[in-house]
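Next comes model-v5.pdb, a file with PDB, C-alpha atoms and all ligand atoms.
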ATOM      1  CA  MET A   1     128.304-225.769 123.124
ATOM      2  CA  LYS A   2     128.870-223.584 126.176
ATOM      3  CA  GLN A   3     128.221-220.548 124.033
ATOM      4  CA  LEU A   4     125.000-222.062 122.767
ATOM      5  CA  ILE A   5     123.790-222.731 126.306
ATOM      6  CA  LEU A   6     124.756-219.214 127.343
ATOM      7  CA  LEU A   7     122.839-217.808 124.385
ATOM      8  CA  LEU A   8     119.803-219.907 125.327
ATOM      9  CA  VAL A   9     119.938-218.723 128.929
ATOM     10  CA  ILE A  10     120.279-215.094 127.895
ATOM     11  CA  THR A  11     117.413-215.327 125.378
ATOM     12  CA  THR A  12     115.195-216.948 127.993
ATOM     13  CA  ILE A  13     115.943-214.317 130.636
ATOM     14  CA  PHE A  14     115.550-211.376 128.289
ATOM     15  CA  GLN A  15     112.789-212.940 126.208
ATOM     16  CA  HIS A  16     110.344-210.331 127.343
ATOM     17  CA  THR A  17     112.624-207.422 126.441
ATOM     18  CA  ILE A  18     113.755-208.865 123.119
ATOM     19  CA  PHE A  19     110.356-209.951 121.847
ATOM     20  CA  ALA A  20     108.249-207.473 123.812
ATOM     21  CA  ASN A  21     105.258-206.484 121.806
ATOM     22  CA  GLU A  22     104.530-202.832 121.509
ATOM     23  CA  PRO A  23     101.262-202.022 123.172
ATOM     24  CA  ASP A  24      99.151-200.703 120.322
ATOM     25  CA  TRP A  25      97.629-197.260 120.915
ATOM     26  CA  GLY A  26      99.710-197.305 124.085
ATOM     27  CA  VAL A  27      98.043-197.373 127.478
ATOM     28  CA  THR A  28      97.002-193.711 127.418
ATOM     29  CA  GLY A  29      95.344-193.961 124.004
ATOM     30  CA  HIS A  30      93.423-197.130 124.847
ATOM     31  CA  ARG A  31      92.307-195.754 128.225
ATOM     32  CA  THR A  32      91.132-192.494 126.645
ATOM     33  CA  ILE A  33      88.926-194.496 124.261
ATOM     34  CA  GLY A  34      87.470-196.525 127.152
ATOM     35  CA  GLU A  35      86.831-193.359 129.165
ATOM     36  CA  ILE A  36      85.102-191.604 126.246
ATOM     37  CA  ALA A  37      82.982-194.697 125.492
ATOM     38  CA  GLU A  38      81.861-194.747 129.142
ATOM     39  CA  LYS A  39      80.292-191.248 128.626
ATOM     40  CA  HIS A  40      78.184-192.497 125.710
ATOM     41  CA  LEU A  41      76.800-195.679 127.306
ATOM     42  CA  SER A  42      73.101-196.129 127.957
ATOM     43  CA  LYS A  43      72.063-196.734 131.588
ATOM     44  CA  LYS A  44      71.135-200.298 130.679
ATOM     45  CA  ALA A  45      74.510-201.048 129.095
ATOM     46  CA  GLN A  46      76.335-199.330 131.951
ATOM     47  CA  LYS A  47      74.706-201.584 134.525
ATOM     48  CA  GLN A  48      75.341-204.853 132.669
ATOM     49  CA  ILE A  49      78.957-203.926 131.954
ATOM     50  CA  LYS A  50      79.539-202.957 135.576
ATOM     51  CA  ASP A  51      78.193-206.357 136.673
ATOM     52  CA  LEU A  52      80.334-208.241 134.155
ATOM     53  CA  LEU A  53      83.510-206.318 134.965
ATOM     54  CA  GLN A  54      82.800-206.245 138.697
ATOM     55  CA  GLY A  55      83.165-202.511 138.934
ATOM     56  CA  GLN A  56      86.211-202.078 136.671
ATOM     57  CA  GLY A  57      85.699-199.353 134.083
ATOM     58  CA  LEU A  58      86.198-199.570 130.325
ATOM     59  CA  ALA A  59      89.407-197.503 130.618
ATOM     60  CA  PHE A  60      90.776-200.020 133.112
ATOM     61  CA  VAL A  61      90.131-203.072 130.914
ATOM     62  CA  SER A  62      91.055-201.402 127.608
ATOM     63  CA  THR A  63      94.695-202.528 127.688
ATOM     64  CA  PHE A  64      93.846-206.188 128.356
ATOM     65  CA  GLY A  65      94.276-207.177 124.698
ATOM     66  CA  ASP A  66      97.923-206.097 124.831
ATOM     67  CA  GLU A  67      98.602-207.449 128.331
ATOM     68  CA  ILE A  68      97.759-211.025 127.271
ATOM     69  CA  LYS A  69     100.296-210.834 124.425
ATOM     70  CA  SER A  70     103.004-211.750 126.941
ATOM     71  CA  ASP A  71     101.240-215.069 127.674
ATOM     72  CA  LYS A  72     101.939-217.772 125.047
ATOM     73  CA  LYS A  73      98.531-219.271 125.778
ATOM     74  CA  TYR A  74      96.989-216.331 123.923
ATOM     75  CA  SER A  75      99.350-216.145 120.945
ATOM     76  CA  LYS A  76      96.550-217.275 118.621
ATOM     77  CA  TYR A  77      95.037-213.815 119.014
ATOM     78  CA  TYR A  78      98.147-212.030 117.697
ATOM     79  CA  THR A  79      96.669-211.295 114.263
ATOM     80  CA  TRP A  80      93.411-209.953 115.719
ATOM     81  CA  HIS A  81      94.971-206.545 116.394
ATOM     82  CA  PHE A  82      95.190-205.433 112.762
ATOM     83  CA  VAL A  83      94.278-206.144 109.150
ATOM     84  CA  ASN A  84      96.468-205.461 106.152
ATOM     85  CA  PHE A  85      95.059-205.667 102.654
ATOM     86  CA  PRO A  86      96.084-203.893  99.437
ATOM     87  CA  PHE A  87      94.802-200.322  99.200
ATOM     88  CA  ASP A  88      93.146-200.929  95.851
ATOM     89  CA  THR A  89      91.153-204.024  96.822
ATOM     90  CA  LYS A  90      88.028-204.667  98.832
ATOM     91  CA  TYR A  91      88.390-206.446 102.168
ATOM     92  CA  GLU A  92      85.903-209.077 101.009
ATOM     93  CA  ASN A  93      88.097-210.013  98.040
ATOM     94  CA  SER A  94      91.411-209.931  99.890
ATOM     95  CA  LYS A  95      93.357-212.916 101.139
ATOM     96  CA  LYS A  96      92.415-213.554 104.774
ATOM     97  CA  ASP A  97      94.766-214.497 107.575
ATOM     98  CA  LYS A  98      93.764-217.992 108.702
ATOM     99  CA  ASN A  99      94.176-216.944 112.327
ATOM    100  CA  GLY A 100      91.737-214.084 111.883
ATOM    101  CA  ASP A 101      92.124-210.329 111.770
ATOM    102  CA  ILE A 102      90.698-207.290 113.532
ATOM    103  CA  VAL A 103      87.439-207.320 111.549
ATOM    104  CA  MET A 104      86.802-210.992 112.347
ATOM    105  CA  GLY A 105      88.008-210.474 115.923
ATOM    106  CA  ILE A 106      85.500-207.694 116.601
ATOM    107  CA  GLU A 107      82.668-209.754 115.087
ATOM    108  CA  TYR A 108      83.675-212.758 117.183
ATOM    109  CA  CYS A 109      83.630-210.725 120.421
ATOM    110  CA  ILE A 110      80.204-209.253 119.585
ATOM    111  CA  ASN A 111      78.783-212.719 118.849
ATOM    112  CA  ILE A 112      79.985-214.089 122.200
ATOM    113  CA  LEU A 113      78.444-211.125 124.042
ATOM    114  CA  LYS A 114      75.117-211.677 122.245
ATOM    115  CA  ASP A 115      75.123-215.448 122.805
ATOM    116  CA  PRO A 116      72.813-216.415 125.690
ATOM    117  CA  ASN A 117      74.680-219.732 125.989
ATOM    118  CA  ALA A 118      78.168-218.233 126.331
ATOM    119  CA  SER A 119      79.771-218.566 129.771
ATOM    120  CA  GLN A 120      80.202-215.579 132.070
ATOM    121  CA  ALA A 121      83.992-215.998 131.903
ATOM    122  CA  ASP A 122      83.938-215.871 128.079
ATOM    123  CA  LYS A 123      81.716-212.790 128.144
ATOM    124  CA  VAL A 124      84.183-210.997 130.421
ATOM    125  CA  PHE A 125      87.179-212.048 128.278
ATOM    126  CA  TYR A 126      85.630-211.010 124.962
ATOM    127  CA  LEU A 127      84.155-207.796 126.351
ATOM    128  CA  LYS A 128      87.629-206.689 127.452
ATOM    129  CA  PHE A 129      89.031-207.741 124.090
ATOM    130  CA  LEU A 130      86.293-205.870 122.208
ATOM    131  CA  VAL A 131      87.087-202.622 124.059
ATOM    132  CA  HIS A 132      90.705-203.050 122.983
ATOM    133  CA  LEU A 133      90.074-204.018 119.358
ATOM    134  CA  VAL A 134      87.626-201.213 118.543
ATOM    135  CA  GLY A 135      90.435-198.964 119.785
ATOM    136  CA  ASP A 136      93.066-200.615 117.582
ATOM    137  CA  LEU A 137      90.794-200.357 114.522
ATOM    138  CA  HIS A 138      90.962-196.555 114.816
ATOM    139  CA  GLN A 139      94.772-196.430 114.765
ATOM    140  CA  PRO A 140      94.926-195.963 110.988
ATOM    141  CA  LEU A 141      98.171-197.941 110.621
ATOM    142  CA  HIS A 142      96.393-201.014 112.000
ATOM    143  CA  VAL A 143      94.770-201.056 108.568
ATOM    144  CA  GLY A 144      98.066-200.626 106.789
ATOM    145  CA  ARG A 145     100.351-202.345 104.309
ATOM    146  CA  SER A 146     101.619-205.831 105.090
ATOM    147  CA  GLU A 147     104.969-205.109 103.313
ATOM    148  CA  ASP A 148     106.046-202.776 106.123
ATOM    149  CA  LYS A 149     103.899-204.295 108.919
ATOM    150  CA  GLY A 150     101.654-201.284 109.196
ATOM    151  CA  GLY A 151     104.602-198.876 109.280
ATOM    152  CA  ASN A 152     106.619-200.828 111.879
ATOM    153  CA  ASP A 153     109.425-201.213 109.302
ATOM    154  CA  ILE A 154     109.503-197.502 108.463
ATOM    155  CA  LYS A 155     112.249-196.361 110.808
ATOM    156  CA  VAL A 156     112.154-192.702 111.815
ATOM    157  CA  LEU A 157     113.692-190.515 114.499
ATOM    158  CA  TRP A 158     111.200-189.178 117.004
ATOM    159  CA  HIS A 159     112.692-186.142 118.782
ATOM    160  CA  TYR A 160     116.188-187.578 118.044
ATOM    161  CA  LYS A 161     115.269-191.025 119.413
ATOM    162  CA  LYS A 162     114.985-194.195 117.282
ATOM    163  CA  SER A 163     111.394-195.119 116.560
ATOM    164  CA  ASN A 164     109.179-196.083 113.643
ATOM    165  CA  LEU A 165     106.130-194.627 111.937
ATOM    166  CA  HIS A 166     103.761-197.168 113.493
ATOM    167  CA  ARG A 167     104.957-196.393 116.995
ATOM    168  CA  VAL A 168     104.738-192.647 116.397
ATOM    169  CA  TRP A 169     101.012-193.149 115.727
ATOM    170  CA  ASP A 170     100.463-195.779 118.452
ATOM    171  CA  SER A 171     102.018-193.865 121.283
ATOM    172  CA  GLU A 172     104.853-191.375 120.662
ATOM    173  CA  MET A 173     102.650-188.396 119.774
ATOM    174  CA  ILE A 174     100.252-189.068 122.650
ATOM    175  CA  GLU A 175     103.037-189.608 125.172
ATOM    176  CA  PHE A 176     104.907-186.510 124.075
ATOM    177  CA  TYR A 177     101.717-184.499 124.585
ATOM    178  CA  ASN A 178     101.897-185.699 128.183
ATOM    179  CA  MET A 179      98.233-185.591 129.162
ATOM    180  CA  SER A 180      96.529-188.214 131.288
ATOM    181  CA  TYR A 181      93.733-190.263 129.779
ATOM    182  CA  THR A 182      91.158-188.478 131.923
ATOM    183  CA  GLU A 183      92.440-185.099 130.698
ATOM    184  CA  LEU A 184      92.411-186.268 127.084
ATOM    185  CA  SER A 185      88.866-187.499 127.564
ATOM    186  CA  SER A 186      87.521-184.381 129.294
ATOM    187  CA  ASN A 187      89.228-182.120 126.738
ATOM    188  CA  ARG A 188      87.717-183.963 123.782
ATOM    189  CA  LYS A 189      85.954-181.892 121.161
ATOM    190  CA  LYS A 190      82.430-180.738 122.057
ATOM    191  CA  LEU A 191      80.033-182.373 119.620
ATOM    192  CA  SER A 192      76.298-181.924 119.049
ATOM    193  CA  ASN A 193      74.038-184.953 119.413
ATOM    194  CA  ALA A 194      73.664-184.977 115.640
ATOM    195  CA  GLN A 195      77.452-185.071 115.193
ATOM    196  CA  VAL A 196      77.772-187.944 117.670
ATOM    197  CA  GLU A 197      75.024-189.839 115.863
ATOM    198  CA  SER A 198      76.684-189.302 112.532
ATOM    199  CA  ILE A 199      80.015-190.636 113.838
ATOM    200  CA  ALA A 200      78.268-193.704 115.289
ATOM    201  CA  GLN A 201      76.797-194.570 111.880
ATOM    202  CA  GLY A 202      78.203-197.333 109.716
ATOM    203  CA  SER A 203      79.561-200.827 110.116
ATOM    204  CA  VAL A 204      82.865-202.209 111.361
ATOM    205  CA  LEU A 205      83.847-202.609 107.722
ATOM    206  CA  ASP A 206      83.036-198.938 106.951
ATOM    207  CA  TRP A 207      85.288-197.873 109.833
ATOM    208  CA  THR A 208      87.996-200.205 108.512
ATOM    209  CA  TYR A 209      87.971-198.460 105.124
ATOM    210  CA  GLU A 210      87.995-195.085 106.862
ATOM    211  CA  SER A 211      91.160-196.083 108.753
ATOM    212  CA  GLN A 212      92.709-197.416 105.560
ATOM    213  CA  ALA A 213      92.079-194.111 103.751
ATOM    214  CA  LEU A 214      93.790-192.276 106.629
ATOM    215  CA  ALA A 215      96.675-194.763 106.562
ATOM    216  CA  LYS A 216      97.234-193.964 102.879
ATOM    217  CA  LYS A 217      97.782-190.294 103.785
ATOM    218  CA  ILE A 218      99.911-191.131 106.821
ATOM    219  CA  TYR A 219     102.292-193.171 104.654
ATOM    220  CA  LYS A 220     102.894-190.002 102.633
ATOM    221  CA  SER A 221     103.583-187.939 105.773
ATOM    222  CA  ALA A 222     107.017-189.400 106.532
ATOM    223  CA  LYS A 223     109.719-191.319 104.746
ATOM    224  CA  GLN A 224     112.313-193.807 105.917
ATOM    225  CA  ASP A 225     114.831-192.242 108.371
ATOM    226  CA  GLU A 226     112.996-188.948 108.520
ATOM    227  CA  LYS A 227     113.553-186.801 111.618
ATOM    228  CA  LEU A 228     110.162-186.098 113.176
ATOM    229  CA  SER A 229     109.610-183.617 115.957
ATOM    230  CA  TYR A 230     107.270-180.767 117.058
ATOM    231  CA  ARG A 231     106.054-180.028 113.559
ATOM    232  CA  TYR A 232     104.780-183.586 113.098
ATOM    233  CA  SER A 233     102.540-183.400 116.191
ATOM    234  CA  TYR A 234     101.416-179.915 115.181
ATOM    235  CA  ASP A 235     100.209-181.393 111.875
ATOM    236  CA  HIS A 236      98.772-184.676 113.150
ATOM    237  CA  LEU A 237      97.755-184.579 116.815
ATOM    238  CA  ASP A 238      94.254-183.315 115.973
ATOM    239  CA  LEU A 239      93.695-186.436 113.887
ATOM    240  CA  VAL A 240      94.948-188.647 116.717
ATOM    241  CA  ARG A 241      92.526-186.989 119.153
ATOM    242  CA  SER A 242      89.658-187.243 116.693
ATOM    243  CA  GLN A 243      90.355-190.975 116.138
ATOM    244  CA  LEU A 244      90.323-191.585 119.909
ATOM    245  CA  GLN A 245      86.982-189.789 120.175
ATOM    246  CA  LYS A 246      85.400-191.568 117.202
ATOM    247  CA  SER A 247      86.573-194.882 118.563
ATOM    248  CA  GLY A 248      84.993-194.193 121.973
ATOM    249  CA  ILE A 249      81.685-193.157 120.386
ATOM    250  CA  ARG A 250      81.588-196.245 118.140
ATOM    251  CA  LEU A 251      82.576-198.609 120.940
ATOM    252  CA  ALA A 252      79.650-197.233 122.995
ATOM    253  CA  LYS A 253      77.345-197.679 119.998
ATOM    254  CA  ILE A 254      78.291-201.367 119.737
ATOM    255  CA  LEU A 255      77.941-201.907 123.489
ATOM    256  CA  ASN A 256      74.573-200.117 123.625
ATOM    257  CA  GLU A 257      73.313-202.443 120.882
ATOM    258  CA  VAL A 258      74.747-205.581 122.485
ATOM    259  CA  PHE A 259      73.383-204.771 125.956
ATOM    260  CA  GLY A 260      70.266-202.928 124.754
TER     261      GLY A 260
HETATM  262  N1  LIG B 301     102.048-206.485 112.209
HETATM  263  C1  LIG B 301     101.808-206.647 110.895
HETATM  264  N2  LIG B 301     100.977-205.714 110.409
HETATM  265  C2  LIG B 301     100.676-204.919 111.447
HETATM  266  C3  LIG B 301      99.843-203.789 111.580
HETATM  267  N3  LIG B 301      99.169-203.269 110.553
HETATM  268  N4  LIG B 301      99.742-203.229 112.791
HETATM  269  C4  LIG B 301     100.409-203.755 113.824
HETATM  270  N5  LIG B 301     101.209-204.808 113.780
HETATM  271  C5  LIG B 301     101.341-205.405 112.584
HETATM  272 ZN    ZN B 302      96.174-204.178 120.172
HETATM  273 ZN    ZN B 303      99.938-200.684 117.026
END
As structure tokens, how would this structure be written, given the file I've shared?
Ligand code: ADE
Ligand code: ZN
Ligand code: ZN
Amino acid sequence: MKQLILLLVITTIFQHTIFANEPDWGVTGHRTIGEIAEKHLSKKAQKQIKDLLQGQGLAFVSTFGDEIKSDKKYSKYYTWHFVNFPFDTKYENSKKDKNGDIVMGIEYCINILKDPNASQADKVFYLKFLVHLVGDLHQPLHVGRSEDKGGNDIKVLWHYKKSNLHRVWDSEMIEFYNMSYTELSSNRKKLSNAQVESIAQGSVLDWTYESQALAKKIYKSAKQDEKLSYRYSYDHLDLVRSQLQKSGIRLAKILNEVFG
């Protein structure tokens, strides 16, 4: 009995450490996306967003979706950060999570922002969440296989340290690169207006399939217990940076439409 109580006490104290959720892209990735989106906002959208967020920028609020994971009150949003469906099926025909997924989550946020009857508090909440989720959608392993939880169960060594394939793509590569989010944003690839427009094309579902196609390749890039190091970043960091940039451009496209 004593042991049971001790175990309970220990689990309660260390609950956060034991069950801590990985922040998805990691703070730097999410902030980079927010910062890039900021550069593509229309004046009209910029003003309305500034009013709603009381001066906080998109980079600042981009990590909100992960921060609320530590509050049980928001556990119903857990499944909104990803969608897993078999690679050979269409999303429309796949079995849906009853709690929702990232595609439904993004649509829900957009609908609240467009709803003239939604409260100011809800608009702020779902705007912050939208910034986060459009980011998550562009981490290819957030459209992964459910069998391995989007690569979370594929254990690998990252520069001799225990990690997993999902985490390598969420944050390890970006952190190892050791650039701030403002540096990552200002060093993004120079694109013509036509290139930006082409990236902004398509629907949330199109972008979901794009991530899934990338995830398919990423699963082939490493196997269980593989030792990953400099060579892995050399091969894949360009894709990470391009996903951050695409995500920022598409987030701005959605926001420009919502606040247009
Ligand atoms: N948990 C289950 N599937 C996941 C995914 N694709 N990404 C992140 N967390 C998950
Ligand atoms: Zn997330
Ligand atoms: Zn993640």
**Request:** Figure out the distance between CA of Val240 in chain A and CA of Gly105 in chain A, please, to one decimal in Å.
**Result:** 22.9 Å
Mind working out the centre and edge lengths of an axis-aligned box for ligand LIG 301 (chain B), all listed atoms inside, 4 Å added to each side, rounded to one decimal in Å and written as lines of an AutoDock Vina configuration file?
center_x = 100.6
center_y = -204.9
center_z = 112.1
size_x = 10.9
size_y = 11.4
size_z = 11.4
Hits from the PyMOL selection byres (((chain A and resi 109) around 9) and not hetatm), listed as a CSV table (one decimal) with C-alpha atoms, in the coordinates of the input:
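Dumped to out-v6.csv:
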chain,number,residue,atom,x,y,z
A,104,MET,CA,86.8,-211.0,112.3
A,105,GLY,CA,88.0,-210.5,115.9
A,106,ILE,CA,85.5,-207.7,116.6
A,107,GLU,CA,82.7,-209.8,115.1
A,108,TYR,CA,83.7,-212.8,117.2
A,110,ILE,CA,80.2,-209.3,119.6
A,111,ASN,CA,78.8,-212.7,118.8
A,112,ILE,CA,80.0,-214.1,122.2
A,113,LEU,CA,78.4,-211.1,124.0
A,114,LYS,CA,75.1,-211.7,122.2
A,123,LYS,CA,81.7,-212.8,128.1
A,125,PHE,CA,87.2,-212.0,128.3
A,126,TYR,CA,85.6,-211.0,125.0
A,127,LEU,CA,84.2,-207.8,126.4
A,129,PHE,CA,89.0,-207.7,124.1
A,130,LEU,CA,86.3,-205.9,122.2
If you take all atoms listed in the file and a cut-off of 8 Å, which residues of chain A touch ligand LIG 301 (chain B), and what are their nearest atom pairs and distances in Å to one decimal, in chain and number order, as JSON lines?
{"residue": "A:Asp24", "atom": "CA", "partner": "B:LIG301", "partner_atom": "C4", "distance": 7.3}
{"residue": "A:Thr79", "atom": "CA", "partner": "B:LIG301", "partner_atom": "N1", "distance": 7.5}
{"residue": "A:His81", "atom": "CA", "partner": "B:LIG301", "partner_atom": "C4", "distance": 6.6}
{"residue": "A:Phe82", "atom": "CA", "partner": "B:LIG301", "partner_atom": "N3", "distance": 5.0}
{"residue": "A:Val83", "atom": "CA", "partner": "B:LIG301", "partner_atom": "N3", "distance": 5.8}
{"residue": "A:Asn84", "atom": "CA", "partner": "B:LIG301", "partner_atom": "N3", "distance": 5.6}
{"residue": "A:Leu141", "atom": "CA", "partner": "B:LIG301", "partner_atom": "N3", "distance": 5.4}
{"residue": "A:His142", "atom": "CA", "partner": "B:LIG301", "partner_atom": "N3", "distance": 3.9}
{"residue": "A:Val143", "atom": "CA", "partner": "B:LIG301", "partner_atom": "N3", "distance": 5.3}
{"residue": "A:Gly144", "atom": "CA", "partner": "B:LIG301", "partner_atom": "N3", "distance": 4.7}
{"residue": "A:Arg145", "atom": "CA", "partner": "B:LIG301", "partner_atom": "N3", "distance": 6.4}
{"residue": "A:Ser146", "atom": "CA", "partner": "B:LIG301", "partner_atom": "N2", "distance": 5.4}
{"residue": "A:Asp148", "atom": "CA", "partner": "B:LIG301", "partner_atom": "N2", "distance": 7.3}
{"residue": "A:Lys149", "atom": "CA", "partner": "B:LIG301", "partner_atom": "N2", "distance": 3.6}
{"residue": "A:Gly150", "atom": "CA", "partner": "B:LIG301", "partner_atom": "N3", "distance": 3.5}
{"residue": "A:Gly151", "atom": "CA", "partner": "B:LIG301", "partner_atom": "N3", "distance": 7.1}
{"residue": "A:Asn152", "atom": "CA", "partner": "B:LIG301", "partner_atom": "N5", "distance": 7.0}
{"residue": "A:His166", "atom": "CA", "partner": "B:LIG301", "partner_atom": "N4", "distance": 7.3}
**Request:** Tell me which residues the PyMOL selection byres (((chain A and resi 175) around 12) and not hetatm) grabs here, as a ChimeraX atom specification.
**Result:** /A:25-29,158,167-174,176-181,184,233,237,240
Near ligand ZN 302 (chain B), 7 Å: chain A residue rows, closest pairs, only C-alpha atoms and all ligand atoms, as a Markdown table:
| residue | atom | partner | partner_atom | distance |
| --- | --- | --- | --- | --- |
| A:Pro23 | CA | B:ZN302 | ZN | 6.3 |
| A:Asp24 | CA | B:ZN302 | ZN | 4.6 |
| A:Gly65 | CA | B:ZN302 | ZN | 5.8 |
| A:Asp66 | CA | B:ZN302 | ZN | 5.3 |
| A:His81 | CA | B:ZN302 | ZN | 4.6 |
| A:His132 | CA | B:ZN302 | ZN | 6.3 |
| A:Leu133 | CA | B:ZN302 | ZN | 6.2 |
| A:Asp136 | CA | B:ZN302 | ZN | 5.4 |
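Nearest residue to ligand ZN 303 (chain B), choosing from A:Thr63, A:Gln139, A:Ser185, A:Ser163 and counting all atoms listed in the file: A:Gln139.
Shortest separation to Ser75 in chain A among A:Asn99, A:Gln56, A:Gln195, A:Ser94 occurs at residue A:Asn99, atoms counted being only C-alpha atoms.
Between ligand ZN 303 (chain B) and the residues A:Gln201, A:Lys216, A:His138, A:Ile49, the shortest atom-to-atom distance, using all atoms listed in the file, involves A:His138.
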**Message:** Let me make sure I understand: among A:Ala37, A:Leu165, A:Val131, A:Val156, which one has the smallest atom-to-atom distance to ligand ZN 303 (chain B) if we use all atoms listed in the file?
**Reply:** A:Leu165
**Top pick for closest residue to Lys190 in chain A, considering A:Ser242, A:Lys95, A:Gly55, A:Asn117 and counting only C-alpha atoms** =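 For Lys190 in chain A, the nearest of the candidates is A:Ser242.
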**Request:** Go through A:Leu58, A:Val124, A:Ala213, A:Leu53 and flag the residue nearest Leu41 in chain A, using all atoms listed in the file for the distances.
**Result:**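 Checking each of A:Leu58, A:Val124, A:Ala213, A:Leu53 against Leu41 in chain A, counting all atoms listed in the file, the winner is A:Leu58.
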**Request:** Measure the distance from CA of Ala200 in chain A to CA of Arg250 in chain A in Å and round it to one decimal.
**Result:** 5.1 Å
**Request:** Could you tell me how far CA of Asp225 in chain A lies from CA of Asn164 in chain A, in Å and to one decimal?
**Result:**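 Distance reported for this atom pair: 8.6 Å.
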**Item:** Expected selection from the PyMOL selection byres (((chain A and resi 59) around 6) and not hetatm), given as an NGL selection string
**Value:** :A and (31 or 34-35 or 57-58 or 60-62)
**Protein and nucleic acid residues near (74.0, -199.7, 129.1) (cut-off 12 Å, only C-alpha atoms) as a PyMOL selection string** = chain A and resi 37-52+251-260
Next, write the just-selected residues to a file, as a PDB file, in the frame of the given file, keeping C-alpha atoms as the atom set.
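See again28.pdb below for the written result:
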ATOM      1  CA  ALA A  37      82.982-194.697 125.492  1.00  0.00           C
ATOM      2  CA  GLU A  38      81.861-194.747 129.142  1.00  0.00           C
ATOM      3  CA  LYS A  39      80.292-191.248 128.626  1.00  0.00           C
ATOM      4  CA  HIS A  40      78.184-192.497 125.710  1.00  0.00           C
ATOM      5  CA  LEU A  41      76.800-195.679 127.306  1.00  0.00           C
ATOM      6  CA  SER A  42      73.101-196.129 127.957  1.00  0.00           C
ATOM      7  CA  LYS A  43      72.063-196.734 131.588  1.00  0.00           C
ATOM      8  CA  LYS A  44      71.135-200.298 130.679  1.00  0.00           C
ATOM      9  CA  ALA A  45      74.510-201.048 129.095  1.00  0.00           C
ATOM     10  CA  GLN A  46      76.335-199.330 131.951  1.00  0.00           C
ATOM     11  CA  LYS A  47      74.706-201.584 134.525  1.00  0.00           C
ATOM     12  CA  GLN A  48      75.341-204.853 132.669  1.00  0.00           C
ATOM     13  CA  ILE A  49      78.957-203.926 131.954  1.00  0.00           C
ATOM     14  CA  LYS A  50      79.539-202.957 135.576  1.00  0.00           C
ATOM     15  CA  ASP A  51      78.193-206.357 136.673  1.00  0.00           C
ATOM     16  CA  LEU A  52      80.334-208.241 134.155  1.00  0.00           C
ATOM     17  CA  LEU A 251      82.576-198.609 120.940  1.00  0.00           C
ATOM     18  CA  ALA A 252      79.650-197.233 122.995  1.00  0.00           C
ATOM     19  CA  LYS A 253      77.345-197.679 119.998  1.00  0.00           C
ATOM     20  CA  ILE A 254      78.291-201.367 119.737  1.00  0.00           C
ATOM     21  CA  LEU A 255      77.941-201.907 123.489  1.00  0.00           C
ATOM     22  CA  ASN A 256      74.573-200.117 123.625  1.00  0.00           C
ATOM     23  CA  GLU A 257      73.313-202.443 120.882  1.00  0.00           C
ATOM     24  CA  VAL A 258      74.747-205.581 122.485  1.00  0.00           C
ATOM     25  CA  PHE A 259      73.383-204.771 125.956  1.00  0.00           C
ATOM     26  CA  GLY A 260      70.266-202.928 124.754  1.00  0.00           C
TER      27      GLY A 260
END
Filled-in N, CA, C and O atoms of range 90-98 of chain A, supplied as a PDB file, in the coordinates of the input:
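The file below, selection.pdb, is the result:
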ATOM      1  N   LYS A  90      89.050-204.619  97.794  1.00  0.00           N
ATOM      2  CA  LYS A  90      88.028-204.667  98.832  1.00  0.00           C
ATOM      3  C   LYS A  90      88.446-205.717  99.858  1.00  0.00           C
ATOM      4  O   LYS A  90      89.036-206.732  99.498  1.00  0.00           O
ATOM      5  N   TYR A  91      88.102-205.485 101.108  1.00  0.00           N
ATOM      6  CA  TYR A  91      88.390-206.446 102.168  1.00  0.00           C
ATOM      7  C   TYR A  91      87.823-207.829 101.802  1.00  0.00           C
ATOM      8  O   TYR A  91      88.497-208.845 101.949  1.00  0.00           O
ATOM      9  N   GLU A  92      86.592-207.813 101.310  1.00  0.00           N
ATOM     10  CA  GLU A  92      85.903-209.077 101.009  1.00  0.00           C
ATOM     11  C   GLU A  92      86.689-209.932 100.016  1.00  0.00           C
ATOM     12  O   GLU A  92      86.650-211.158 100.078  1.00  0.00           O
ATOM     13  N   ASN A  93      87.368-209.271  99.076  1.00  0.00           N
ATOM     14  CA  ASN A  93      88.097-210.013  98.040  1.00  0.00           C
ATOM     15  C   ASN A  93      89.548-210.282  98.407  1.00  0.00           C
ATOM     16  O   ASN A  93      90.279-210.905  97.638  1.00  0.00           O
ATOM     17  N   SER A  94      89.996-209.796  99.557  1.00  0.00           N
ATOM     18  CA  SER A  94      91.411-209.931  99.890  1.00  0.00           C
ATOM     19  C   SER A  94      91.688-211.279 100.560  1.00  0.00           C
ATOM     20  O   SER A  94      90.777-211.928 101.083  1.00  0.00           O
ATOM     21  N   LYS A  95      92.954-211.646 100.540  1.00  0.00           N
ATOM     22  CA  LYS A  95      93.357-212.916 101.139  1.00  0.00           C
ATOM     23  C   LYS A  95      93.294-212.767 102.660  1.00  0.00           C
ATOM     24  O   LYS A  95      93.887-211.838 103.213  1.00  0.00           O
ATOM     25  N   LYS A  96      92.594-213.677 103.326  1.00  0.00           N
ATOM     26  CA  LYS A  96      92.415-213.554 104.774  1.00  0.00           C
ATOM     27  C   LYS A  96      93.501-214.310 105.537  1.00  0.00           C
ATOM     28  O   LYS A  96      93.980-215.339 105.071  1.00  0.00           O
ATOM     29  N   ASP A  97      93.853-213.779 106.686  1.00  0.00           N
ATOM     30  CA  ASP A  97      94.766-214.497 107.575  1.00  0.00           C
ATOM     31  C   ASP A  97      93.969-215.636 108.226  1.00  0.00           C
ATOM     32  O   ASP A  97      92.893-215.410 108.775  1.00  0.00           O
ATOM     33  N   LYS A  98      94.533-216.844 108.187  1.00  0.00           N
ATOM     34  CA  LYS A  98      93.764-217.992 108.702  1.00  0.00           C
ATOM     35  C   LYS A  98      93.522-217.897 110.208  1.00  0.00           C
ATOM     36  O   LYS A  98      92.603-218.505 110.751  1.00  0.00           O
TER      37      LYS A  98
END
